[in-house]
file target.txt (compact mmCIF, C-alpha atoms)
# COMPACT_ATOMS: atom_id res chain seq x y z
CA MET A 1163 -23.94 -79.73 76.32
CA ASP A 1164 -26.42 -76.89 76.69
CA LEU A 1165 -26.14 -73.47 75.05
CA ASN A 1166 -25.04 -71.78 78.28
CA SER A 1167 -22.05 -74.11 78.68
CA LEU A 1168 -21.19 -73.80 75.01
CA VAL A 1169 -21.20 -69.99 74.91
CA PHE A 1170 -19.34 -69.46 78.18
CA GLY A 1171 -17.01 -72.37 77.42
CA ILE A 1172 -16.01 -70.71 74.15
CA ILE A 1173 -15.55 -67.36 75.93
CA SER A 1174 -13.32 -69.06 78.51
CA ALA A 1175 -11.20 -70.86 75.91
CA CYS A 1176 -10.78 -67.75 73.74
CA SER A 1177 -9.92 -65.61 76.77
CA LEU A 1178 -7.27 -68.08 77.91
CA ALA A 1179 -5.80 -68.18 74.40
CA ILE A 1180 -5.69 -64.36 74.31
CA PHE A 1181 -4.08 -64.22 77.74
CA PHE A 1182 -1.36 -66.76 76.90
CA TYR A 1183 -0.67 -65.10 73.55
CA ILE A 1184 -0.78 -61.36 74.37
CA GLY A 1185 0.75 -61.87 77.80
CA ARG A 1186 4.11 -62.76 76.27
CA PHE A 1187 4.49 -59.42 74.47
CA LYS A 1188 5.68 -56.18 75.94
CA ALA A 1189 3.10 -53.44 76.41
CA SER A 1190 2.87 -50.67 73.81
CA ARG A 1191 5.23 -47.69 73.88
CA SER A 1192 2.37 -45.39 74.92
CA GLN A 1193 2.01 -47.55 78.03
CA LEU A 1194 5.70 -47.85 78.86
CA ASP A 1195 7.09 -44.44 77.85
CA ARG A 1196 5.10 -42.28 80.22
CA GLU A 1197 6.12 -39.77 82.87
CA ASP A 1198 3.29 -40.76 85.21
CA ARG A 1199 4.02 -44.48 85.47
CA ILE A 1200 3.70 -46.11 88.87
CA ASP A 1201 7.00 -46.24 90.72
CA TRP A 1202 6.76 -49.60 92.48
CA SER A 1203 9.89 -48.94 94.55
CA THR A 1204 8.35 -46.14 96.57
CA ARG A 1205 5.06 -45.48 98.25
CA LYS A 1206 3.82 -42.07 97.23
CA PHE A 1207 0.92 -42.18 99.66
CA SER A 1208 1.19 -43.28 103.29
CA VAL A 1209 -0.63 -46.36 104.55
CA TRP A 1210 -2.57 -44.08 106.92
CA LYS A 1211 -3.85 -42.01 104.02
CA ILE A 1212 -5.00 -45.18 102.24
CA PHE A 1213 -6.57 -46.46 105.47
CA LEU A 1214 -8.39 -43.14 106.08
CA TYR A 1215 -9.69 -43.12 102.51
CA SER A 1216 -10.98 -46.67 102.83
CA VAL A 1217 -12.59 -46.17 106.26
CA GLY A 1218 -14.15 -42.92 105.01
CA GLY A 1219 -15.57 -44.70 101.99
CA VAL A 1220 -16.95 -47.57 104.05
CA SER A 1221 -18.54 -45.18 106.58
CA ALA A 1222 -20.14 -43.15 103.79
CA LEU A 1223 -21.51 -46.33 102.23
CA ILE A 1224 -22.99 -47.60 105.50
CA LEU A 1225 -24.55 -44.18 106.25
CA LEU A 1226 -25.97 -44.00 102.74
CA THR A 1227 -27.67 -47.37 103.01
CA TYR A 1228 -28.89 -46.52 106.52
CA PHE A 1229 -30.66 -43.34 105.45
CA LEU A 1230 -31.99 -44.56 102.11
CA MET B 1426 21.01 -53.37 86.60
CA SER B 1427 21.78 -56.07 89.13
CA ASN B 1428 19.09 -58.32 90.45
CA HIS B 1429 19.35 -56.71 93.85
CA ASN B 1430 18.82 -53.23 92.46
CA ALA B 1431 16.06 -54.49 90.21
CA LEU B 1432 14.21 -55.86 93.20
CA GLN B 1433 14.49 -52.54 94.98
CA THR B 1434 12.97 -50.70 92.08
CA PHE B 1435 9.55 -52.20 92.41
CA GLY B 1436 7.30 -53.52 95.09
CA ARG B 1437 4.02 -55.31 94.93
CA SER B 1438 0.77 -55.62 93.12
CA GLY B 1439 -2.36 -53.98 94.42
CA ASN B 1440 -4.23 -57.17 95.05
CA PRO B 1441 -6.02 -57.73 98.32
CA ALA B 1442 -3.75 -60.38 99.80
CA LEU B 1443 -0.66 -58.25 99.69
CA SER B 1444 0.61 -55.49 101.91
CA ASP B 1445 2.52 -52.31 101.10
CA ALA B 1446 4.75 -52.88 104.10
CA THR B 1447 6.52 -55.77 102.40
CA PHE B 1448 8.25 -53.64 99.74
CA SER B 1449 11.27 -52.53 101.64
CA ASP B 1450 11.48 -55.74 103.68
CA GLU B 1451 11.88 -57.86 100.58
CA ALA B 1452 14.63 -55.68 99.20
CA LYS B 1453 16.34 -55.75 102.61
CA ASN B 1454 16.08 -59.52 102.96
CA PHE B 1455 17.12 -60.32 99.42
CA ARG B 1456 20.40 -62.22 99.47
CA PRO B 1457 22.45 -61.96 96.31
CA HIS B 1458 24.02 -65.37 96.98
CA VAL B 1459 20.65 -67.06 96.59
CA LYS B 1460 20.90 -69.03 93.38
CA ASP B 1461 18.98 -67.05 90.76
CA LEU B 1462 18.60 -68.79 87.45
CA GLY B 1463 18.27 -65.77 85.20
CA VAL B 1464 15.89 -62.86 85.34
CA MET B 1465 12.13 -62.39 85.33
CA THR B 1466 10.46 -62.44 81.91
CA LEU B 1467 6.90 -61.91 80.72
CA GLU B 1468 6.85 -65.33 79.08
CA GLY B 1469 8.04 -67.04 82.25
CA THR B 1470 5.37 -65.27 84.31
CA VAL B 1471 2.62 -66.21 81.84
CA ASN B 1472 3.78 -69.85 81.84
CA LYS B 1473 3.82 -69.96 85.61
CA THR B 1474 0.34 -68.43 85.75
CA GLY B 1475 -0.73 -71.32 83.49
CA VAL B 1476 0.82 -73.81 85.91
CA LEU B 1477 -0.98 -72.23 88.88
CA LEU B 1478 -4.30 -72.17 86.98
CA PHE B 1479 -3.86 -75.86 86.16
CA LEU B 1480 -3.19 -76.68 89.82
CA VAL B 1481 -6.27 -74.74 90.96
CA VAL B 1482 -8.47 -76.61 88.47
CA LEU B 1483 -6.88 -79.95 89.43
CA SER B 1484 -7.64 -79.69 93.14
CA ALA B 1485 -10.97 -77.92 92.53
CA SER B 1486 -12.13 -80.87 90.41
CA TYR B 1487 -11.48 -83.17 93.38
CA THR B 1488 -13.80 -81.33 95.82
CA TRP B 1489 -16.28 -80.67 93.00
CA ASN B 1490 -16.58 -84.42 92.25
CA LEU B 1491 -16.64 -85.29 95.93
CA PHE B 1492 -19.62 -82.97 96.46
CA PHE B 1493 -21.62 -84.26 93.52
CA ARG B 1494 -20.89 -87.91 94.38
CA SER B 1495 -22.08 -87.51 97.96
CA GLY B 1496 -24.64 -84.76 97.31
CA ASP B 1497 -23.89 -83.38 100.75
CA ALA B 1498 -22.03 -80.15 101.54
CA SER B 1499 -20.71 -81.55 104.82
CA SER B 1500 -18.60 -84.06 102.88
CA VAL B 1501 -16.46 -81.27 101.39
CA MET B 1502 -16.48 -78.88 104.36
CA PRO B 1503 -13.28 -80.23 106.02
CA LEU B 1504 -11.38 -79.98 102.73
CA MET B 1505 -12.75 -76.49 102.13
CA MET B 1506 -11.63 -75.43 105.61
CA ILE B 1507 -8.16 -76.86 105.00
CA GLY B 1508 -8.05 -75.11 101.62
CA GLY B 1509 -9.26 -71.76 102.97
CA ILE B 1510 -7.08 -71.57 106.07
CA GLY B 1511 -4.08 -73.28 104.47
CA GLY B 1512 -4.35 -71.06 101.40
CA PHE B 1513 -4.46 -67.95 103.58
CA ILE B 1514 -1.35 -69.06 105.49
CA MET B 1515 0.47 -69.90 102.25
CA ALA B 1516 -0.47 -66.50 100.83
CA LEU B 1517 1.01 -64.78 103.88
CA VAL B 1518 4.19 -66.88 103.65
CA THR B 1519 4.52 -66.01 99.94
CA VAL B 1520 4.06 -62.30 100.65
CA PHE B 1521 6.69 -62.21 103.39
CA LYS B 1522 9.14 -64.67 101.77
CA LYS B 1523 8.98 -63.84 98.10
CA HIS B 1524 12.02 -65.96 97.23
CA TRP B 1525 10.06 -69.02 98.41
CA SER B 1526 7.35 -68.29 95.81
CA GLY B 1527 8.43 -71.19 93.59
CA THR B 1528 7.33 -73.59 96.34
CA THR B 1529 4.62 -71.68 98.20
CA ALA B 1530 2.69 -70.39 95.17
CA PRO B 1531 1.89 -73.89 93.77
CA ILE B 1532 0.89 -75.07 97.28
CA TYR B 1533 -1.32 -71.98 97.59
CA ALA B 1534 -2.94 -72.80 94.22
CA LEU B 1535 -3.64 -76.42 95.24
CA LEU B 1536 -5.15 -75.37 98.58
CA GLU B 1537 -7.27 -72.60 97.06
CA GLY B 1538 -8.48 -75.08 94.47
CA LEU B 1539 -9.92 -77.27 97.26
CA LEU B 1540 -11.88 -74.27 98.54
CA LEU B 1541 -13.01 -73.06 95.12
CA GLY B 1542 -14.13 -76.54 94.02
CA GLY B 1543 -16.35 -76.87 97.09
CA ILE B 1544 -17.82 -73.36 96.85
CA SER B 1545 -18.40 -73.74 93.11
CA ALA B 1546 -20.17 -77.08 93.59
CA ILE B 1547 -22.44 -75.65 96.29
CA TYR B 1548 -23.40 -72.72 94.01
CA GLU B 1549 -23.85 -75.03 91.01
CA ALA B 1550 -26.22 -77.28 92.97
CA GLN B 1551 -28.35 -74.22 93.70
CA PHE B 1552 -28.10 -72.40 90.36
CA GLN B 1553 -27.38 -74.70 87.46
CA GLY B 1554 -24.83 -73.37 84.96
CA ILE B 1555 -23.63 -70.55 87.22
CA VAL B 1556 -20.04 -71.81 87.47
CA ILE B 1557 -19.29 -71.83 83.75
CA GLN B 1558 -20.79 -68.33 83.55
CA ALA B 1559 -18.55 -67.09 86.36
CA ILE B 1560 -15.48 -68.73 84.80
CA GLY B 1561 -16.29 -67.23 81.40
CA LEU B 1562 -16.83 -63.75 82.82
CA THR B 1563 -13.68 -63.91 84.97
CA LEU B 1564 -11.43 -65.06 82.14
CA GLY B 1565 -13.15 -62.67 79.74
CA THR B 1566 -12.39 -59.79 82.12
CA LEU B 1567 -8.77 -60.98 82.40
CA ALA B 1568 -8.27 -61.06 78.63
CA SER B 1569 -10.08 -57.75 78.04
CA LEU B 1570 -8.12 -55.88 80.68
CA LEU B 1571 -4.84 -57.39 79.50
CA PHE B 1572 -5.63 -56.13 76.00
CA LEU B 1573 -6.57 -52.67 77.32
CA TYR B 1574 -3.37 -52.56 79.37
CA LYS B 1575 -1.01 -53.78 76.65
CA THR B 1576 -2.40 -51.37 74.08
CA GLY B 1577 -2.12 -48.46 76.52
CA ILE B 1578 -5.84 -47.70 76.61
CA VAL B 1579 -5.87 -48.16 80.40
CA LYS B 1580 -2.89 -46.38 81.97
CA PRO B 1581 -2.31 -47.00 85.67
CA THR B 1582 -0.90 -43.98 87.55
CA GLU B 1583 -0.07 -43.30 91.21
CA ASN B 1584 -3.56 -41.81 91.77
CA PHE B 1585 -5.13 -44.86 90.14
CA ARG B 1586 -3.10 -47.04 92.49
CA LEU B 1587 -4.20 -44.98 95.52
CA MET B 1588 -7.83 -45.27 94.48
CA ILE B 1589 -7.74 -49.03 93.87
CA VAL B 1590 -5.70 -49.91 96.96
CA SER B 1591 -7.98 -47.72 99.14
CA ALA B 1592 -11.13 -49.27 97.70
CA THR B 1593 -9.67 -52.78 98.09
CA MET B 1594 -8.77 -52.07 101.69
CA GLY B 1595 -12.22 -50.57 102.27
CA ILE B 1596 -13.89 -53.72 100.96
CA GLY B 1597 -11.61 -55.78 103.21
CA VAL B 1598 -12.58 -53.65 106.24
CA LEU B 1599 -16.28 -53.97 105.35
CA TYR B 1600 -16.06 -57.77 105.02
CA PHE B 1601 -14.15 -57.99 108.29
CA VAL B 1602 -16.70 -55.83 110.16
CA SER B 1603 -19.52 -57.87 108.64
CA MET B 1604 -17.83 -61.11 109.74
CA VAL B 1605 -17.31 -59.84 113.31
CA MET B 1606 -20.92 -58.59 113.47
CA SER B 1607 -22.22 -61.95 112.23
CA ILE B 1608 -20.56 -63.64 115.22
CA PHE B 1609 -22.86 -61.53 117.44
CA GLY B 1610 -25.90 -62.29 115.33
CA ALA B 1611 -25.92 -58.97 113.47
CA GLY B 1612 -24.61 -58.04 110.03
CA ILE B 1613 -24.38 -55.45 107.30
CA GLY B 1614 -27.48 -56.46 105.40
CA PHE B 1615 -26.86 -55.00 101.95
CA ILE B 1616 -23.61 -56.94 101.43
CA HIS B 1617 -25.49 -60.20 101.02
CA SER B 1618 -28.89 -58.96 99.88
CA ASN B 1619 -30.15 -59.45 96.35
CA GLY B 1620 -31.78 -56.01 96.27
CA ILE B 1621 -30.56 -52.97 94.35
CA PHE B 1622 -27.93 -52.09 96.97
CA GLY B 1623 -26.67 -55.65 97.23
CA ILE B 1624 -26.26 -56.01 93.48
CA GLY B 1625 -24.78 -52.50 93.21
CA PHE B 1626 -22.28 -53.36 95.92
CA SER B 1627 -21.33 -56.62 94.18
CA LEU B 1628 -20.87 -54.76 90.90
CA PHE B 1629 -18.61 -52.26 92.63
CA VAL B 1630 -16.53 -55.06 94.20
CA VAL B 1631 -16.25 -56.86 90.85
CA ALA B 1632 -15.06 -53.61 89.24
CA ILE B 1633 -12.42 -53.05 91.94
CA ALA B 1634 -11.23 -56.67 91.73
CA ALA B 1635 -10.98 -56.33 87.94
CA LEU B 1636 -9.02 -53.07 88.17
CA ASN B 1637 -6.60 -54.79 90.56
CA LEU B 1638 -5.65 -56.92 87.54
CA VAL B 1639 -4.33 -53.77 85.84
CA LEU B 1640 -2.05 -53.13 88.81
CA ASP B 1641 -0.85 -56.75 88.62
CA PHE B 1642 -0.07 -56.38 84.91
CA ASP B 1643 1.87 -53.19 85.54
CA PHE B 1644 3.77 -54.80 88.41
CA ILE B 1645 4.72 -57.79 86.23
CA GLU B 1646 5.64 -55.59 83.26
CA MET B 1647 7.86 -53.43 85.44
CA GLY B 1648 9.51 -56.51 87.00
CA ALA B 1649 10.36 -57.97 83.60
CA GLU B 1650 11.54 -54.58 82.33
CA GLN B 1651 13.87 -54.05 85.28
CA GLY B 1652 15.24 -57.61 85.22
CA ALA B 1653 13.97 -58.75 88.62
CA PRO B 1654 15.16 -62.15 89.97
CA LYS B 1655 13.70 -65.27 88.35
CA TYR B 1656 11.65 -66.24 91.39
CA MET B 1657 9.63 -63.03 90.94
CA GLU B 1658 7.95 -64.78 88.00
CA TRP B 1659 6.30 -67.06 90.55
CA PHE B 1660 5.44 -64.09 92.71
CA GLY B 1661 3.92 -62.22 89.77
CA ALA B 1662 1.89 -65.30 88.82
CA PHE B 1663 0.82 -65.67 92.46
CA SER B 1664 -0.34 -62.02 92.58
CA LEU B 1665 -2.38 -62.56 89.46
CA MET B 1666 -3.91 -65.75 90.88
CA VAL B 1667 -4.94 -64.03 94.12
CA THR B 1668 -6.77 -61.35 92.15
CA LEU B 1669 -8.31 -63.87 89.73
CA ILE B 1670 -9.61 -66.06 92.57
CA TRP B 1671 -11.10 -63.00 94.30
CA LEU B 1672 -12.68 -61.85 91.03
CA TYR B 1673 -14.12 -65.32 90.36
CA LEU B 1674 -15.70 -65.52 93.84
CA GLU B 1675 -17.22 -62.05 93.45
CA MET B 1676 -18.57 -62.99 90.01
CA LEU B 1677 -20.19 -66.06 91.56
CA ARG B 1678 -21.79 -63.93 94.30
CA LEU B 1679 -23.03 -61.36 91.80
CA LEU B 1680 -24.52 -63.99 89.48
CA ALA B 1681 -26.14 -65.78 92.43
CA LYS B 1682 -27.74 -62.52 93.58
CA LEU B 1683 -29.04 -61.80 90.09
CA ARG B 1684 -30.47 -65.30 89.67
CA SER B 1685 -32.08 -65.41 93.09
CA ARG B 1686 -34.23 -62.35 92.39
call {"tool": "encode", "arguments": {"input": "target.txt", "output": "structure tokens"}}
result
Amino acid sequence: MDLNSLVFGIISACSLAIFFYIGRFKASRSQLDREDRIDWSTRKFSVWKIFLYSVGGVSALILLTYFL
Amino acid sequence: MSNHNALQTFGRSGNPALSDATFSDEAKNFRPHVKDLGVMTLEGTVNKTGVLLFLVVLSASYTWNLFFRSGDASSVMPLMMIGGIGGFIMALVTVFKKHWSGTTAPIYALLEGLLLGGISAIYEAQFQGIVIQAIGLTLGTLASLLFLYKTGIVKPTENFRLMIVSATMGIGVLYFVSMVMSIFGAGIGFIHSNGIFGIGFSLFVVAIAALNLVLDFDFIEMGAEQGAPKYMEWFGAFSLMVTLIWLYLEMLRLLAKLRSR
């Protein structure tokens, strides 16, 4: 086993262990007791607004790369 | 709170395979007489994510070995096609029929594994050691963001959600336009280039894919908090898998661009 596999293998194993351990616990109170949490039952922004934002971003990106 | 009400209180994750339009539909279609064995928990979702990860690795190892035994990409192409198209169909079925998630999510994982195994093997043949790097970075990102989310350092808000969903949709539009243009022999060059723009673009996509994980965590946390139906554990695990697979593929692309310079 080379050093690359060893280092990234250890990172992978540790990350999985962290995920399976921390994932079982509830998030901290500062995360859960907030006024500005996402309300997953409603859509605050319309799909059109999201679509316009994304198309605007893509157009800007293409124009930027075209002129630079 | 009843399961029905719980389901109405939250919708979806922000990951690229899912659509906002499914929120209300799912609540509408939810039938209380469907046999629900308990409510959604964090532990159940984490366990089911483990099952899906195992299934992805299982089927990926098949196409991976097939490629390295034959040494020819054409030997895995049919399986990769089946995995890609089948996985896409299964993802759509899971999104529109969330209460089927217990069946469709594992099938999705197996099919995606066929695709990932083939793609990973092709990259590995070209750049030795790239796959373990991409796996390490993907899982490292998962663990880091989970820690940042759980401790409250990263706090997703409605504006955060708007930004991430818009950027995700923008990337989807860009990939779609690029795919259509490539049919006519053209293309958006910087997406695939290994120049500054190409690498910058890949970094941006990796960042957006990673931030989608935060939305998934919040979605799962909310589901467990509100006592959503048990099958939503599978759906939460599925959402996480979709984002993880996307993140892994973008990591592979980014690393390949960096190593081909």
call {"tool": "residues_around", "arguments": {"input": "target.txt", "residues": "segment 1614-1628 of chain B", "least_positions_apart": "3", "cutoff": "6 Å", "atoms": "only C-alpha atoms", "output": "JSON, numbers by chain"}}
result
{"B": [1631, 1679, 1682]}
call {"tool": "closest_atom_pairs", "arguments": {"input": "target.txt", "of": "chain B", "to": "chain A", "cutoff": "7 Å", "atoms": "only C-alpha atoms", "output": "JSON lines"}}
result
{"residue": "B:Gln1433", "atom": "CA", "partner": "A:Ser1203", "partner_atom": "CA", "distance": 5.9}
{"residue": "B:Thr1434", "atom": "CA", "partner": "A:Ser1203", "partner_atom": "CA", "distance": 4.3}
{"residue": "B:Phe1435", "atom": "CA", "partner": "A:Trp1202", "partner_atom": "CA", "distance": 3.8}
{"residue": "B:Gly1436", "atom": "CA", "partner": "A:Trp1202", "partner_atom": "CA", "distance": 4.7}
{"residue": "B:Arg1437", "atom": "CA", "partner": "A:Trp1202", "partner_atom": "CA", "distance": 6.8}
{"residue": "B:Leu1467", "atom": "CA", "partner": "A:Arg1186", "partner_atom": "CA", "distance": 5.3}
{"residue": "B:Glu1468", "atom": "CA", "partner": "A:Arg1186", "partner_atom": "CA", "distance": 4.7}
{"residue": "B:Val1471", "atom": "CA", "partner": "A:Gly1185", "partner_atom": "CA", "distance": 6.2}
{"residue": "B:Gly1554", "atom": "CA", "partner": "A:Asn1166", "partner_atom": "CA", "distance": 6.9}
{"residue": "B:Ile1557", "atom": "CA", "partner": "A:Phe1170", "partner_atom": "CA", "distance": 6.1}
{"residue": "B:Gln1558", "atom": "CA", "partner": "A:Phe1170", "partner_atom": "CA", "distance": 5.7}
{"residue": "B:Ile1560", "atom": "CA", "partner": "A:Ser1174", "partner_atom": "CA", "distance": 6.7}
{"residue": "B:Gly1561", "atom": "CA", "partner": "A:Ser1174", "partner_atom": "CA", "distance": 4.5}
{"residue": "B:Leu1564", "atom": "CA", "partner": "A:Ser1177", "partner_atom": "CA", "distance": 5.6}
{"residue": "B:Gly1565", "atom": "CA", "partner": "A:Ser1177", "partner_atom": "CA", "distance": 5.3}
{"residue": "B:Ala1568", "atom": "CA", "partner": "A:Ser1177", "partner_atom": "CA", "distance": 5.2}
{"residue": "B:Lys1575", "atom": "CA", "partner": "A:Ala1189", "partner_atom": "CA", "distance": 4.1}
{"residue": "B:Thr1576", "atom": "CA", "partner": "A:Ser1190", "partner_atom": "CA", "distance": 5.3}
{"residue": "B:Gly1577", "atom": "CA", "partner": "A:Gln1193", "partner_atom": "CA", "distance": 4.5}
{"residue": "B:Lys1580", "atom": "CA", "partner": "A:Gln1193", "partner_atom": "CA", "distance": 6.4}
{"residue": "B:Pro1581", "atom": "CA", "partner": "A:Arg1199", "partner_atom": "CA", "distance": 6.8}
{"residue": "B:Thr1582", "atom": "CA", "partner": "A:Ile1200", "partner_atom": "CA", "distance": 5.2}
{"residue": "B:Glu1583", "atom": "CA", "partner": "A:Ile1200", "partner_atom": "CA", "distance": 5.3}
{"residue": "B:Leu1587", "atom": "CA", "partner": "A:Ile1212", "partner_atom": "CA", "distance": 6.8}
{"residue": "B:Ser1591", "atom": "CA", "partner": "A:Ser1216", "partner_atom": "CA", "distance": 4.9}
{"residue": "B:Ala1592", "atom": "CA", "partner": "A:Ser1216", "partner_atom": "CA", "distance": 5.8}
{"residue": "B:Met1594", "atom": "CA", "partner": "A:Ser1216", "partner_atom": "CA", "distance": 5.9}
{"residue": "B:Gly1595", "atom": "CA", "partner": "A:Ser1216", "partner_atom": "CA", "distance": 4.1}
{"residue": "B:Leu1599", "atom": "CA", "partner": "A:Val1220", "partner_atom": "CA", "distance": 6.6}
call {"tool": "atom_distance", "arguments": {"input": "target.txt", "atom1": "atom CA of Leu1491 of chain B", "atom2": "atom CA of Leu1539 of chain B"}}
result
10.5 Å
call {"tool": "residues_near_point", "arguments": {"input": "target.txt", "point": "(-1.0, -64.8, 104.0)", "cutoff": "12 Å", "atoms": "only C-alpha atoms", "output": "list in words"}}
result
Pro1441, Ala1442, Leu1443, Ser1444, Thr1447, Gly1509, Ile1510, Gly1511, Gly1512, Phe1513, Ile1514, Met1515, Ala1516, Leu1517, Val1518, Thr1519, Val1520, Phe1521, Lys1522, Lys1523, Thr1529, Ala1530, Tyr1533, Phe1663, Ser1664 and Val1667 of chain B
call {"tool": "write_last_selection", "arguments": {"input": "target.txt", "atoms": "C-alpha atoms", "output": "short mmCIF file (atom, residue, chain, number, x, y, z; two decimals), in the coordinates of the input"}}
result
data_model
loop_
_atom_site.label_atom_id
_atom_site.label_comp_id
_atom_site.auth_asym_id
_atom_site.auth_seq_id
_atom_site.Cartn_x
_atom_site.Cartn_y
_atom_site.Cartn_z
CA PRO B 1441 -6.02 -57.73 98.32
CA ALA B 1442 -3.75 -60.38 99.80
CA LEU B 1443 -0.66 -58.25 99.69
CA SER B 1444 0.61 -55.49 101.91
CA THR B 1447 6.52 -55.77 102.40
CA GLY B 1509 -9.26 -71.76 102.97
CA ILE B 1510 -7.08 -71.57 106.07
CA GLY B 1511 -4.08 -73.28 104.47
CA GLY B 1512 -4.35 -71.06 101.40
CA PHE B 1513 -4.46 -67.95 103.58
CA ILE B 1514 -1.35 -69.06 105.49
CA MET B 1515 0.47 -69.90 102.25
CA ALA B 1516 -0.47 -66.50 100.83
CA LEU B 1517 1.01 -64.78 103.88
CA VAL B 1518 4.19 -66.88 103.65
CA THR B 1519 4.52 -66.01 99.94
CA VAL B 1520 4.06 -62.30 100.65
CA PHE B 1521 6.69 -62.21 103.39
CA LYS B 1522 9.14 -64.67 101.77
CA LYS B 1523 8.98 -63.84 98.10
CA THR B 1529 4.62 -71.68 98.20
CA ALA B 1530 2.69 -70.39 95.17
CA TYR B 1533 -1.32 -71.98 97.59
CA PHE B 1663 0.82 -65.67 92.46
CA SER B 1664 -0.34 -62.02 92.58
CA VAL B 1667 -4.94 -64.03 94.12
#
call {"tool": "residues_near_point", "arguments": {"input": "target.txt", "point": "(-9.5, -70.7, 92.5)", "cutoff": "10 Å", "atoms": "all atoms listed in the file", "output": "compact mmCIF listing (two decimals) with C-alpha atoms, in the coordinates of the input"}}
result
# COMPACT_ATOMS: atom_id res chain seq x y z
CA LEU B 1477 -0.98 -72.23 88.88
CA LEU B 1478 -4.30 -72.17 86.98
CA PHE B 1479 -3.86 -75.86 86.16
CA LEU B 1480 -3.19 -76.68 89.82
CA VAL B 1481 -6.27 -74.74 90.96
CA VAL B 1482 -8.47 -76.61 88.47
CA SER B 1484 -7.64 -79.69 93.14
CA ALA B 1485 -10.97 -77.92 92.53
CA TYR B 1533 -1.32 -71.98 97.59
CA ALA B 1534 -2.94 -72.80 94.22
CA LEU B 1535 -3.64 -76.42 95.24
CA LEU B 1536 -5.15 -75.37 98.58
CA GLU B 1537 -7.27 -72.60 97.06
CA GLY B 1538 -8.48 -75.08 94.47
CA LEU B 1539 -9.92 -77.27 97.26
CA LEU B 1540 -11.88 -74.27 98.54
CA LEU B 1541 -13.01 -73.06 95.12
CA GLY B 1542 -14.13 -76.54 94.02
CA ILE B 1544 -17.82 -73.36 96.85
CA SER B 1545 -18.40 -73.74 93.11
CA ILE B 1560 -15.48 -68.73 84.80
CA MET B 1666 -3.91 -65.75 90.88
CA VAL B 1667 -4.94 -64.03 94.12
CA THR B 1668 -6.77 -61.35 92.15
CA LEU B 1669 -8.31 -63.87 89.73
CA ILE B 1670 -9.61 -66.06 92.57
CA TRP B 1671 -11.10 -63.00 94.30
CA LEU B 1672 -12.68 -61.85 91.03
CA TYR B 1673 -14.12 -65.32 90.36
CA LEU B 1674 -15.70 -65.52 93.84
call {"tool": "atom_distance", "arguments": {"input": "target.txt", "atom1": "atom CA of Val1630 of chain B", "atom2": "atom CA of Leu1680 of chain B"}}
result
12.9 Å
call {"tool": "atom_distance", "arguments": {"input": "target.txt", "atom1": "atom CA of Ala1222 of chain A", "atom2": "atom CA of Tyr1600 of chain B"}}
result
15.2 Å
call {"tool": "axis_aligned_box", "arguments": {"input": "target.txt", "around": "segment 1667-1682 of chain B", "padding_each_side": "3 Å", "output": "JSON"}}
result
{"center_x": -16.3, "center_y": -63.7, "center_z": 91.9, "size_x": 28.8, "size_y": 10.7, "size_z": 10.8}
